[in-house]
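Containing compact mmCIF, C-alpha atoms and all ligand atoms: protein.txt.
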```txt
# COMPACT_ATOMS: atom_id res chain seq x y z
CA MET K 1 -4.70 16.99 65.34
CA LEU K 2 -2.57 16.07 68.38
CA GLU K 3 -0.53 12.86 68.36
CA VAL K 4 1.38 11.92 71.48
CA LYS K 5 3.47 8.80 70.95
CA ASN K 6 5.02 6.77 73.68
CA ILE K 7 6.23 9.67 75.84
CA GLU K 8 8.21 9.28 79.02
CA THR K 9 8.62 12.17 81.46
CA TYR K 10 10.54 12.20 84.70
CA TYR K 11 11.10 14.48 87.66
CA ASP K 12 14.30 13.97 89.65
CA LEU K 13 14.94 10.56 88.07
CA ILE K 14 11.47 9.26 88.90
CA TYR K 15 9.32 8.60 85.88
CA ALA K 16 5.84 10.12 86.21
CA ILE K 17 4.88 9.12 82.65
CA ARG K 18 6.06 5.72 81.51
CA GLY K 19 5.28 5.34 77.83
CA ALA K 20 1.94 7.03 77.13
CA SER K 21 0.30 7.54 73.74
CA LEU K 22 -2.84 9.46 72.92
CA ALA K 23 -4.49 11.21 70.01
CA VAL K 24 -6.94 14.07 69.92
CA GLU K 25 -9.06 14.23 66.78
CA ALA K 26 -9.98 17.68 65.51
CA GLY K 27 -13.35 18.87 66.77
CA THR K 28 -13.59 16.40 69.66
CA VAL K 29 -13.45 16.49 73.44
CA THR K 30 -11.02 13.94 74.89
CA ALA K 31 -10.83 13.30 78.64
CA ILE K 32 -7.88 11.90 80.58
CA LEU K 33 -9.16 10.41 83.82
CA GLY K 34 -7.29 9.05 86.78
CA ASN K 35 -6.72 9.28 90.50
CA ASN K 36 -4.41 11.61 92.40
CA GLY K 37 -0.82 11.34 91.28
CA ALA K 38 -1.57 9.20 88.21
CA GLY K 39 0.32 11.69 86.03
CA LYS K 40 -2.55 13.56 84.38
CA SER K 41 -1.14 17.06 84.96
CA THR K 42 2.30 15.89 83.90
CA ILE K 43 0.95 14.82 80.51
CA LEU K 44 -0.53 18.27 79.88
CA LYS K 45 2.61 20.02 81.12
CA THR K 46 4.74 17.83 78.85
CA ILE K 47 2.55 18.68 75.84
CA MET K 48 2.83 22.40 76.68
CA GLY K 49 6.63 22.26 77.00
CA LEU K 50 6.46 23.30 80.65
CA ILE K 51 8.84 20.66 82.05
CA GLU K 52 12.42 21.37 81.12
CA ASP K 53 14.05 18.85 78.77
CA GLN K 54 10.96 16.63 78.77
CA PRO K 55 9.62 14.36 77.35
CA ASP K 56 12.69 12.26 77.80
CA LYS K 57 11.42 9.84 75.15
CA GLY K 58 8.64 9.76 72.57
CA THR K 59 7.22 12.39 70.23
CA ILE K 60 4.43 14.97 70.25
CA GLU K 61 2.97 16.25 66.98
CA PHE K 62 0.41 18.97 66.47
CA LYS K 63 -1.18 19.23 63.01
CA GLY K 64 1.64 17.09 61.63
CA ARG K 65 4.50 19.13 63.14
CA ARG K 66 6.74 18.05 65.98
CA ILE K 67 6.26 20.24 69.06
CA ASP K 68 8.21 18.30 71.68
CA GLY K 69 11.26 20.34 72.65
CA LEU K 70 9.68 23.66 71.59
CA ASP K 71 9.22 26.63 73.93
CA THR K 72 5.76 27.00 75.45
CA GLU K 73 5.30 30.37 73.72
CA LYS K 74 5.89 28.77 70.32
CA ILE K 75 3.44 25.99 71.17
CA VAL K 76 0.79 28.57 72.13
CA ARG K 77 1.43 30.45 68.88
CA MET K 78 0.89 27.21 66.96
CA GLY K 79 -2.63 26.96 68.41
CA ILE K 80 -2.60 25.11 71.74
CA SER K 81 -3.70 26.82 74.92
CA TYR K 82 -3.62 25.64 78.52
CA VAL K 83 -5.58 26.26 81.72
CA PRO K 84 -3.49 25.03 84.67
CA GLU K 85 -4.85 23.23 87.70
CA GLY K 86 -5.92 25.72 90.38
CA ARG K 87 -6.62 28.46 87.80
CA GLN K 88 -3.54 30.61 88.54
CA VAL K 89 -5.06 33.89 87.45
CA PHE K 90 -3.06 37.09 88.04
CA GLU K 91 -4.77 38.10 91.27
CA GLU K 92 -3.49 41.66 91.34
CA LEU K 93 -4.58 42.42 87.80
CA THR K 94 -8.15 43.16 86.81
CA VAL K 95 -10.34 40.70 84.94
CA PHE K 96 -9.82 42.74 81.77
CA GLU K 97 -6.03 42.84 82.21
CA ASN K 98 -5.96 39.07 82.76
CA LEU K 99 -7.83 38.57 79.49
CA GLN K 100 -5.45 40.93 77.71
CA MET K 101 -2.52 38.86 79.01
CA GLY K 102 -4.02 35.87 77.25
CA ALA K 103 -3.61 37.63 73.92
CA TYR K 104 0.12 38.29 74.37
CA THR K 105 1.16 35.98 71.53
CA ARG K 106 -1.14 37.66 69.02
CA LYS K 107 -0.40 40.19 66.35
CA ASP K 108 -3.96 40.57 64.97
CA ARG K 109 -4.93 43.27 67.45
CA GLU K 110 -8.08 44.19 65.52
CA ASN K 111 -9.71 40.80 66.21
CA ILE K 112 -9.06 40.91 69.94
CA ARG K 113 -12.13 43.07 70.54
CA THR K 114 -14.37 40.50 68.83
CA ASP K 115 -12.85 37.67 70.84
CA LEU K 116 -13.34 39.58 74.08
CA ASP K 117 -17.02 39.98 73.20
CA GLU K 118 -17.29 36.24 72.55
CA ILE K 119 -15.68 35.44 75.90
CA PHE K 120 -18.03 37.88 77.67
CA ASN K 121 -20.83 36.05 75.90
CA TYR K 122 -19.71 32.71 77.34
CA PHE K 123 -19.13 34.25 80.77
CA PRO K 124 -21.37 37.33 81.31
CA VAL K 125 -20.16 37.60 84.93
CA LEU K 126 -16.67 38.44 83.64
CA LYS K 127 -18.09 41.41 81.76
CA GLU K 128 -19.84 42.62 84.91
CA ARG K 129 -16.60 42.31 86.83
CA ARG K 130 -14.18 43.40 84.13
CA ASN K 131 -12.60 46.13 86.28
CA GLN K 132 -12.44 44.06 89.46
CA TRP K 133 -9.18 42.53 90.69
CA ALA K 134 -9.08 38.87 89.76
CA GLY K 135 -8.10 37.95 93.33
CA THR K 136 -11.51 39.14 94.55
CA LEU K 137 -13.44 36.72 92.29
CA SER K 138 -15.00 33.50 93.59
CA GLY K 139 -13.41 30.15 92.70
CA GLY K 140 -15.90 29.54 89.91
CA GLU K 141 -15.42 33.01 88.46
CA GLN K 142 -11.64 32.55 88.56
CA GLN K 143 -12.05 29.28 86.65
CA MET K 144 -14.14 31.13 84.05
CA LEU K 145 -11.46 33.82 83.84
CA ALA K 146 -8.71 31.22 83.41
CA ILE K 147 -10.65 29.61 80.55
CA GLY K 148 -11.40 33.03 79.03
CA ARG K 149 -7.73 33.99 79.26
CA ALA K 150 -6.73 30.76 77.49
CA LEU K 151 -9.27 31.45 74.73
CA MET K 152 -7.72 34.86 74.09
CA SER K 153 -4.87 33.21 72.19
CA ARG K 154 -7.47 31.80 69.74
CA PRO K 155 -6.50 28.18 70.28
CA GLU K 156 -7.48 25.30 68.03
CA LEU K 157 -6.83 22.95 70.95
CA LEU K 158 -7.63 23.89 74.55
CA CYS K 159 -6.02 21.83 77.33
CA LEU K 160 -7.82 22.03 80.68
CA ASP K 161 -6.40 20.70 83.94
CA GLU K 162 -9.14 19.79 86.45
CA PRO K 163 -11.63 22.58 85.78
CA SER K 164 -13.95 21.10 88.43
CA LEU K 165 -11.42 21.37 91.27
CA GLY K 166 -12.88 22.97 94.39
CA LEU K 167 -16.16 23.99 92.75
CA SER K 168 -19.72 23.24 93.87
CA PRO K 169 -21.66 20.66 91.82
CA ILE K 170 -23.85 23.38 90.30
CA LEU K 171 -20.85 25.41 89.17
CA VAL K 172 -19.12 22.29 87.85
CA LYS K 173 -22.16 21.59 85.69
CA GLU K 174 -22.21 25.17 84.44
CA ILE K 175 -18.49 25.20 83.60
CA PHE K 176 -18.75 21.85 81.77
CA GLN K 177 -21.70 23.08 79.74
CA ILE K 178 -19.66 26.10 78.67
CA ILE K 179 -16.69 23.85 77.79
CA LYS K 180 -19.02 21.86 75.53
CA THR K 181 -20.29 25.08 73.92
CA ILE K 182 -16.71 26.20 73.27
CA ASN K 183 -16.08 22.82 71.63
CA ARG K 184 -19.19 23.15 69.45
CA LYS K 185 -17.85 26.48 68.22
CA GLY K 186 -14.87 24.59 66.81
CA VAL K 187 -12.24 24.35 69.57
CA SER K 188 -10.92 20.83 70.25
CA ILE K 189 -10.57 20.03 73.93
CA LEU K 190 -8.16 17.87 75.93
CA LEU K 191 -9.47 17.64 79.45
CA VAL K 192 -7.82 16.21 82.56
CA GLU K 193 -10.27 15.33 85.34
CA GLN K 194 -10.86 13.37 88.51
CA ASN K 195 -14.60 13.94 88.09
CA ALA K 196 -15.00 11.07 85.62
CA ARG K 197 -18.75 11.18 85.34
CA MET K 198 -18.90 14.87 84.47
CA ALA K 199 -15.89 14.70 82.13
CA LEU K 200 -17.21 11.69 80.20
CA SER K 201 -20.65 13.28 79.92
CA ILE K 202 -19.24 16.01 77.63
CA SER K 203 -16.48 13.95 75.97
CA ASP K 204 -16.23 11.97 72.76
CA TYR K 205 -13.29 9.87 73.96
CA GLY K 206 -11.80 8.97 77.31
CA LEU K 207 -8.51 7.53 78.53
CA ILE K 208 -7.74 6.19 81.98
CA LEU K 209 -4.29 6.81 83.40
CA GLU K 210 -2.74 4.85 86.25
CA ASN K 211 0.85 5.22 87.41
CA GLY K 212 1.92 7.01 84.27
CA ARG K 213 0.38 4.53 81.82
CA PHE K 214 -2.94 4.44 80.04
CA VAL K 215 -4.83 1.34 81.13
CA MET K 216 -8.00 1.95 79.14
CA LYS K 217 -9.05 3.99 76.10
CA GLY K 218 -12.35 4.23 74.31
CA LYS K 219 -15.43 6.15 73.35
CA ALA K 220 -16.74 8.14 76.30
CA ALA K 221 -20.21 6.59 76.05
CA GLU K 222 -18.69 3.09 76.22
CA LEU K 223 -16.45 3.94 79.16
CA MET K 224 -19.46 5.35 81.00
CA ARG K 225 -21.18 1.98 80.66
CA ASP K 226 -18.08 -0.05 81.65
CA LYS K 227 -18.59 -1.80 84.96
CA ASP K 228 -15.01 -1.23 86.17
CA VAL K 229 -14.96 2.42 85.21
CA LYS K 230 -18.28 2.90 86.98
CA GLU K 231 -17.00 1.16 90.07
CA PHE K 232 -13.52 2.65 90.36
CA TYR K 233 -13.88 6.07 88.80
CA MET K 234 -17.51 6.97 89.36
CA GLY K 235 -17.99 5.50 92.80
CA VAL K 236 -20.72 3.04 91.81
CA ARG K 237 -20.04 0.02 94.00
CA SER K 238 -21.23 -3.26 92.52
CA GLU K 239 -19.42 -5.63 94.87
CA SER K 240 -17.03 -5.49 97.80
CA SER K 241 -14.44 -2.92 96.78
CA ALA K 242 -11.41 -4.95 97.88
CA LYS K 243 -12.46 -7.95 95.81
CA GLY K 244 -13.43 -5.73 92.93
CA TYR K 245 -10.13 -3.90 93.00
CA GLN K 246 -8.17 -7.14 92.74
CA ARG K 247 -10.25 -8.13 89.75
CA TRP K 248 -9.65 -4.73 88.15
CA LYS K 249 -5.90 -5.04 88.70
CA ARG K 250 -5.80 -8.51 87.13
CA LYS K 251 -7.85 -7.45 84.16
CA LYS K 252 -5.89 -4.27 83.61
CA ARG K 253 -2.64 -6.11 82.97
CA TRP K 254 -4.03 -7.28 79.66
CA ARG K 255 -5.03 -3.91 78.28
P1 LIG A 301 -3.33 15.37 90.78
O1 LIG A 301 -4.73 15.16 90.39
O2 LIG A 301 -3.08 15.16 92.22
O3 LIG A 301 -2.73 16.65 90.25
P2 LIG A 301 -2.03 14.00 88.62
O4 LIG A 301 -2.64 12.76 88.06
O5 LIG A 301 -2.22 15.25 87.86
O6 LIG A 301 -2.51 14.16 90.09
P3 LIG A 301 0.77 14.62 88.53
O7 LIG A 301 0.60 15.92 89.24
O8 LIG A 301 1.04 14.63 87.09
O9 LIG A 301 -0.49 13.69 88.80
O10 LIG A 301 1.91 13.80 89.30
C1 LIG A 301 2.40 12.54 88.83
C2 LIG A 301 3.55 12.10 89.73
O11 LIG A 301 4.65 12.98 89.57
C3 LIG A 301 3.21 12.11 91.21
O12 LIG A 301 3.85 11.01 91.81
C4 LIG A 301 3.80 13.40 91.71
O13 LIG A 301 4.19 13.30 93.05
C5 LIG A 301 5.02 13.58 90.81
N1 LIG A 301 5.33 15.00 90.58
C6 LIG A 301 4.49 15.91 90.05
N2 LIG A 301 5.10 17.11 89.94
C7 LIG A 301 6.36 16.95 90.41
C8 LIG A 301 7.49 17.81 90.58
N3 LIG A 301 7.45 19.10 90.20
N4 LIG A 301 8.64 17.28 91.11
C9 LIG A 301 8.68 15.98 91.47
N5 LIG A 301 7.66 15.11 91.34
C10 LIG A 301 6.51 15.58 90.83
```

Go through the file and emit its structure as structure tokens.
Amino acid sequence: MLEVKNIETYYDLIYAIRGASLAVEAGTVTAILGNNGAGKSTILKTIMGLIEDQPDKGTIEFKGRRIDGLDTEKIVRMGISYVPEGRQVFEELTVFENLQMGAYTRKDRENIRTDLDEIFNYFPVLKERRNQWAGTLSGGEQQMLAIGRALMSRPELLCLDEPSLGLSPILVKEIFQIIKTINRKGVSILLVEQNARMALSISDYGLILENGRFVMKGKAAELMRDKDVKEFYMGVRSESSAKGYQRWKRKKRWR
């Protein structure tokens, strides 16, 4: 469904992505994991056409058509939607108005009502608060609203940037369960996360990004069992971390 091939993206002459390839199969959840500054957000922004004149190299195809170089609005119309890191809801608009904004690319006005009902089904709290200003919602509710808003464009692929950021463990679990439900209803998901354990638990595939390059790719279940992934991305210490990190670095060069 989505094929990213060997992309390079830079900001101010510094490359944040240095030759990264990934594929998202239709119907799956794919997680990109990595530490702060690895380039996870930059990959999503590059896919969405949000960084001017980028990618500098490589190609991005969605359902067999090139999308690199297209305007974000066109990309959204083609069926990809995006929830940015930190939610970025329109705080001075109501919940309902935020959801309406998500449908701005659509012409099939008659189906919008049905989609709103479906979103209120996923997130009943949004229905309760439909006339409340978005800025007055809690962090978790704002994350739900941001996901709901992205669903209003009827995407086939939903890109999510760190949905767990700043949320309590209980809310993170709830949000991830809803993401999985959305996937089961037919929406493919590309998820960027620092919370590796939670992301892999709902994913089919996972990729690990370090310094703008993927250093590991595989089935989520296999990555969850991998000793290095457990140690360096899930905080399960199996030996002294300094020694372990050197081993990880050496091993990584060969992947
Ligand atoms: P985080 O989890 O902290 O968001 P990330 O893995 O998403 O990290 P990116 O935000 O993609 O990483 O950043 C990758 C690199 O690009 C970092 O070195 C960052 O400092 C740099 N970078 C990101 N945005 C910009 C920008 N607008 N201008 C210049 N450099 C940037």

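When all atoms listed in the file are used to compute distances to ligand LIG 301 (chain A), the closest of the residues K:Thr9, K:Asn131, K:Ser21, K:Ser41 turns out to be K:Ser41.
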
**Request:** Set the cut-off to 9 Å, count all atoms listed in the file, and list whatever residues fall near ligand LIG 301 (chain A) as number ranges by chain.
**Result:** K: 10-17, 33-45, 51, 85, 161-162, 192-194, 209-212

**Request:** Point out the residue among K:Arg65, K:Arg184, K:Lys173, K:Arg154 with the least atom-to-atom distance to Ile112 of chain K, counting all atoms listed in the file.
**Result:** K:Arg154

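Distance check against Gly64 of chain K using all atoms listed in the file: of K:Met1, K:Cys159, K:Ile147, K:Ala221, the minimum falls on K:Met1.
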
**Å distance separating atom CA of Asp228 of chain K from atom CA of Glu8 of chain K, one decimal place** = 26.5 Å

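Across the model, the gap from atom CA of Phe214 of chain K to atom CA of Thr28 of chain K is 19.1 Å.
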
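If you look at atom CA of Ile178 of chain K and atom CA of Met234 of chain K, they are 22.0 Å away from each other.
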